[in-house]
>>> print(open('upload.cif').read())   # mmCIF, C-alpha atoms
data_data
#
loop_
_atom_site.label_atom_id
_atom_site.label_comp_id
_atom_site.auth_asym_id
_atom_site.auth_seq_id
_atom_site.Cartn_x
_atom_site.Cartn_y
_atom_site.Cartn_z
CA MET Y 1 -6.26 -12.53 8.27
CA GLU Y 2 -9.12 -14.88 8.96
CA PHE Y 3 -10.68 -12.32 11.31
CA ILE Y 4 -11.19 -9.89 8.42
CA LYS Y 5 -14.20 -11.84 7.15
CA ILE Y 6 -15.74 -11.92 10.63
CA ALA Y 7 -15.22 -8.19 11.13
CA TYR Y 8 -16.55 -7.58 7.61
CA CYS Y 9 -19.73 -9.53 8.40
CA VAL Y 10 -20.24 -7.57 11.61
CA THR Y 11 -19.40 -4.04 10.41
CA ILE Y 12 -20.82 -3.99 6.88
CA PRO Y 13 -24.50 -4.33 7.93
CA ILE Y 14 -23.98 -1.38 10.29
CA ILE Y 15 -22.27 0.65 7.58
CA LEU Y 16 -25.03 -0.13 5.08
CA LEU Y 17 -27.68 0.93 7.59
CA ILE Y 18 -25.84 4.21 8.13
CA ILE Y 19 -25.71 4.76 4.36
CA TRP Y 20 -29.41 4.07 3.92
CA ILE Y 21 -30.88 6.02 6.85
CA SER Y 22 -28.45 8.78 7.87
CA GLY Y 23 -27.77 12.32 6.78
CA PRO Y 24 -25.32 13.40 4.07
CA LEU Y 25 -22.29 13.87 6.35
CA TRP Y 26 -22.52 10.40 7.92
CA LYS Y 27 -23.39 8.91 4.54
CA LYS Y 28 -20.14 10.19 2.98
CA PHE Y 29 -18.07 8.81 5.84
CA ALA Y 30 -19.90 5.45 5.70
CA ILE Y 31 -19.38 5.12 1.94
CA ASN Y 32 -15.67 5.76 2.47
CA LEU Y 33 -15.63 3.04 5.14
CA LEU Y 34 -17.48 0.71 2.79
CA ALA Y 35 -14.80 1.17 0.14
CA VAL Y 36 -11.99 0.59 2.65
CA SER Y 37 -13.70 -2.53 4.03
CA ASN Y 38 -14.04 -3.96 0.53
CA ILE Y 39 -10.32 -3.38 -0.04
CA LEU Y 40 -9.47 -5.13 3.25
CA LEU Y 41 -11.38 -8.21 2.09
CA ILE Y 42 -8.56 -8.76 -0.41
CA GLY Y 43 -6.39 -9.80 2.56
CA ASN Y 44 -8.89 -12.50 3.42
CA ALA Y 45 -8.93 -13.64 -0.22
CA VAL Y 46 -5.14 -14.00 -0.22
CA PHE Y 47 -5.37 -15.93 3.06
CA LEU Y 48 -8.03 -18.20 1.54
CA ILE Y 49 -5.93 -18.80 -1.60
CA ARG Y 50 -2.95 -19.77 0.57
CA GLN Y 51 -5.12 -22.21 2.53
CA LEU Y 52 -6.47 -23.77 -0.68
CA ARG Y 53 -2.95 -24.13 -2.05
CA GLY Y 54 -1.86 -25.82 1.17
CA MET Y 55 -4.80 -28.23 0.98
CA TYR Y 56 -3.95 -28.97 -2.64
CA GLU Y 57 -0.34 -29.76 -1.73
CA LEU Y 58 -1.47 -31.93 1.18
CA SER Y 59 -3.91 -33.87 -0.98
CA LYS Y 60 -1.19 -34.33 -3.58
CA GLN Y 61 1.10 -35.80 -0.94
CA PHE Y 62 -1.45 -38.29 0.36
CA SER Y 63 -3.03 -39.41 -2.89
CA LEU Y 64 -1.29 -41.97 -5.07
CA ASN Y 65 -3.21 -41.59 -8.33
CA GLY Y 66 -3.47 -37.81 -8.46
CA ASN Y 67 -5.52 -35.17 -6.76
CA HIS Y 68 -8.85 -36.44 -5.41
CA LEU Y 69 -9.69 -33.53 -3.13
CA PHE Y 70 -10.28 -31.00 -5.89
CA ASP Y 71 -11.81 -33.35 -8.45
CA LYS Y 72 -15.38 -32.79 -7.32
CA TRP Y 73 -16.54 -29.17 -7.66
CA ASP Y 74 -19.64 -28.95 -5.52
CA GLY Y 75 -21.44 -25.83 -4.32
CA PHE Y 76 -19.05 -25.26 -1.42
CA MET Y 77 -15.98 -25.30 -3.64
CA ILE Y 78 -17.62 -22.88 -6.08
CA ARG Y 79 -18.45 -20.49 -3.21
CA ILE Y 80 -14.87 -20.73 -1.91
CA ALA Y 81 -13.55 -19.98 -5.41
CA LEU Y 82 -15.88 -16.98 -5.66
CA LEU Y 83 -14.70 -15.73 -2.26
CA ALA Y 84 -11.13 -16.04 -3.46
CA ILE Y 85 -11.76 -14.15 -6.74
CA LEU Y 86 -14.51 -11.58 -6.14
CA PRO Y 87 -12.67 -9.36 -3.59
CA PHE Y 88 -10.07 -8.54 -6.22
CA PHE Y 89 -12.82 -6.80 -8.19
CA SER Y 90 -12.84 -4.16 -5.44
CA LEU Y 91 -9.58 -2.82 -6.86
CA ASN Y 92 -11.85 -1.17 -9.44
CA SER Y 93 -13.51 1.94 -8.01
CA TYR Y 94 -16.94 1.00 -9.40
CA PHE Y 95 -17.06 -2.28 -7.49
CA ARG Y 96 -15.33 -0.84 -4.42
CA ASN Y 97 -18.09 1.73 -3.91
CA SER Y 98 -21.00 -0.46 -5.00
CA GLN Y 99 -23.52 -1.36 -2.32
CA LEU Y 100 -24.88 -4.21 -4.44
CA PHE Y 101 -21.41 -5.74 -4.80
CA THR Y 102 -20.96 -5.42 -1.05
CA LEU Y 103 -24.28 -7.16 -0.39
CA VAL Y 104 -23.31 -9.99 -2.75
CA LEU Y 105 -20.01 -10.45 -0.91
CA LEU Y 106 -21.75 -10.30 2.46
CA VAL Y 107 -24.35 -12.92 1.54
CA LEU Y 108 -21.65 -15.13 0.02
CA ILE Y 109 -19.55 -14.96 3.19
CA TYR Y 110 -22.54 -15.66 5.45
CA TRP Y 111 -23.58 -18.56 3.19
CA THR Y 112 -20.11 -20.11 3.04
CA PHE Y 113 -19.04 -19.46 6.64
CA PRO Y 114 -22.07 -19.43 8.97
CA VAL Y 115 -21.86 -17.62 12.30
CA TYR Y 116 -21.38 -20.84 14.28
CA SER Y 117 -18.16 -21.59 12.36
CA TRP Y 118 -16.43 -18.30 13.19
CA ASN Y 119 -13.17 -18.48 15.10
CA THR Y 120 -13.59 -15.97 17.92
CA TYR Y 121 -10.59 -17.11 19.93
CA GLU Y 122 -8.80 -14.10 21.53
CA LEU Y 123 -11.50 -11.75 20.29
CA LEU Y 124 -10.33 -8.90 22.52
CA PHE Y 125 -6.97 -8.85 20.71
CA LYS Y 126 -8.40 -9.20 17.22
CA ILE Y 127 -10.84 -6.25 17.43
CA PRO Y 128 -8.16 -3.58 18.09
CA GLY Y 129 -5.99 -5.17 15.41
CA TYR Y 130 -8.79 -4.92 12.87
CA LEU Y 131 -9.55 -1.33 13.88
CA CYS Y 132 -5.87 -0.42 13.41
CA LEU Y 133 -5.89 -2.15 10.02
CA LEU Y 134 -9.07 -0.30 9.04
CA CYS Y 135 -7.62 3.07 10.13
CA SER Y 136 -4.37 2.38 8.28
CA ALA Y 137 -6.18 1.42 5.08
CA TYR Y 138 -8.42 4.49 5.40
CA ALA Y 139 -5.36 6.71 5.82
CA ILE Y 140 -3.62 5.16 2.82
CA GLY Y 141 -6.77 5.56 0.73
CA TRP Y 142 -7.01 9.18 1.81
CA LEU Y 143 -3.36 9.85 1.01
CA LEU Y 144 -3.67 8.25 -2.43
CA ASN Y 145 -6.96 10.12 -3.17
CA LYS Y 146 -8.81 6.83 -3.66
CA LEU Y 147 -11.74 7.40 -1.30
CA PRO Y 148 -15.14 7.90 -2.99
CA TYR Y 149 -16.01 11.30 -1.51
CA GLN Y 150 -12.55 12.77 -1.51
CA SER Y 151 -12.05 16.01 -3.31
CA THR Y 152 -9.45 15.92 -6.02
CA ILE Y 153 -7.02 18.76 -6.43
CA THR Y 154 -6.74 19.96 -10.00
#
>>> encode(input="upload.cif", output="structure tokens")
Amino acid sequence: MEFIKIAYCVTIPIILLIIWISGPLWKKFAINLLAVSNILLIGNAVFLIRQLRGMYELSKQFSLNGNHLFDKWDGFMIRIALLAILPFFSLNSYFRNSQLFTLVLLVLIYWTFPVYSWNTYELLFKIPGYLCLLCSAYAIGWLLNKLPYQSTIT
């Protein structure tokens, strides 16, 4: 699940460029991909919450007078908390389709996890896995009529 944020940081600038400079057909497809990518970021948020919980339990085990690891809320901890909370806003269709919300998430991820800190171990296995995850999420969104440019049957 950690690779989702890396793939998000690589694919979202390309998707946003397609939205801003392409024709209407490619724009519709790119906006659908943008919505699906924002939904997939929820998996990274759950992964991040599990890591924070594990660190909290570890700090509780090693500290004698209480929890010292999470006492000081500096800028990094605030950014991590935002990265754990903000992707859940993409469950709402307004935020899921918003390019501004996507840019905010993208800048926040780049600011919190710079490129030099990315774990690219076994990259050739992670890329097809992410593409399969993206296709599966796109198919589920299409089946549930949750994609932005999907026609609704009335």
>>> closest_residue(input="upload.cif", among="Y:Ile21, Y:Leu144, Y:Val10, Y:Leu86", to="Asn44 in chain Y", atoms="only C-alpha atoms")
Y:Leu86
>>> resolve_selection(input="upload.cif", expression="the PyMOL selection byres ((chain Y and resi 31) around 8)", output="VMD selection string")
chain Y and resid 15 19 27 to 30 32 to 35 97 148 to 149
>>> resolve_selection(input="upload.cif", expression="the PyMOL selection byres ((chain Y and resi 12) around 9)", output="mmCIF file with C-alpha atoms, keeping the file's coordinate frame")
data_model
loop_
_atom_site.group_PDB
_atom_site.id
_atom_site.type_symbol
_atom_site.label_atom_id
_atom_site.label_comp_id
_atom_site.auth_asym_id
_atom_site.auth_seq_id
_atom_site.Cartn_x
_atom_site.Cartn_y
_atom_site.Cartn_z
ATOM 1 C CA ALA Y 7 -15.220 -8.190 11.130
ATOM 2 C CA TYR Y 8 -16.550 -7.580 7.610
ATOM 3 C CA CYS Y 9 -19.730 -9.530 8.400
ATOM 4 C CA VAL Y 10 -20.240 -7.570 11.610
ATOM 5 C CA THR Y 11 -19.400 -4.040 10.410
ATOM 6 C CA PRO Y 13 -24.500 -4.330 7.930
ATOM 7 C CA ILE Y 14 -23.980 -1.380 10.290
ATOM 8 C CA ILE Y 15 -22.270 0.650 7.580
ATOM 9 C CA LEU Y 16 -25.030 -0.130 5.080
ATOM 10 C CA LEU Y 17 -27.680 0.930 7.590
ATOM 11 C CA LEU Y 33 -15.630 3.040 5.140
ATOM 12 C CA LEU Y 34 -17.480 0.710 2.790
ATOM 13 C CA SER Y 37 -13.700 -2.530 4.030
ATOM 14 C CA THR Y 102 -20.960 -5.420 -1.050
ATOM 15 C CA LEU Y 103 -24.280 -7.160 -0.390
ATOM 16 C CA LEU Y 106 -21.750 -10.300 2.460
#
>>> resolve_selection(input="upload.cif", expression="the PyMOL selection byres ((chain Y and resi 130-134) around 12)", output="JSON, numbers by chain")
{"Y": [1, 2, 3, 4, 5, 6, 7, 8, 10, 11, 32, 33, 34, 35, 36, 37, 38, 39, 40, 41, 43, 123, 124, 125, 126, 127, 128, 129, 135, 136, 137, 138, 139, 140, 141]}
>>> residues_near_point(input="upload.cif", point="(-10.8, -15.2, -6.2)", cutoff="9 Å", atoms="all atoms listed in the file", output="list in words")
Ile42, Ala45, Val46, Leu48, Ile49, Ile80, Ala81, Leu82, Leu83, Ala84, Ile85, Leu86, Pro87, Phe88 and Phe89 of chain Y
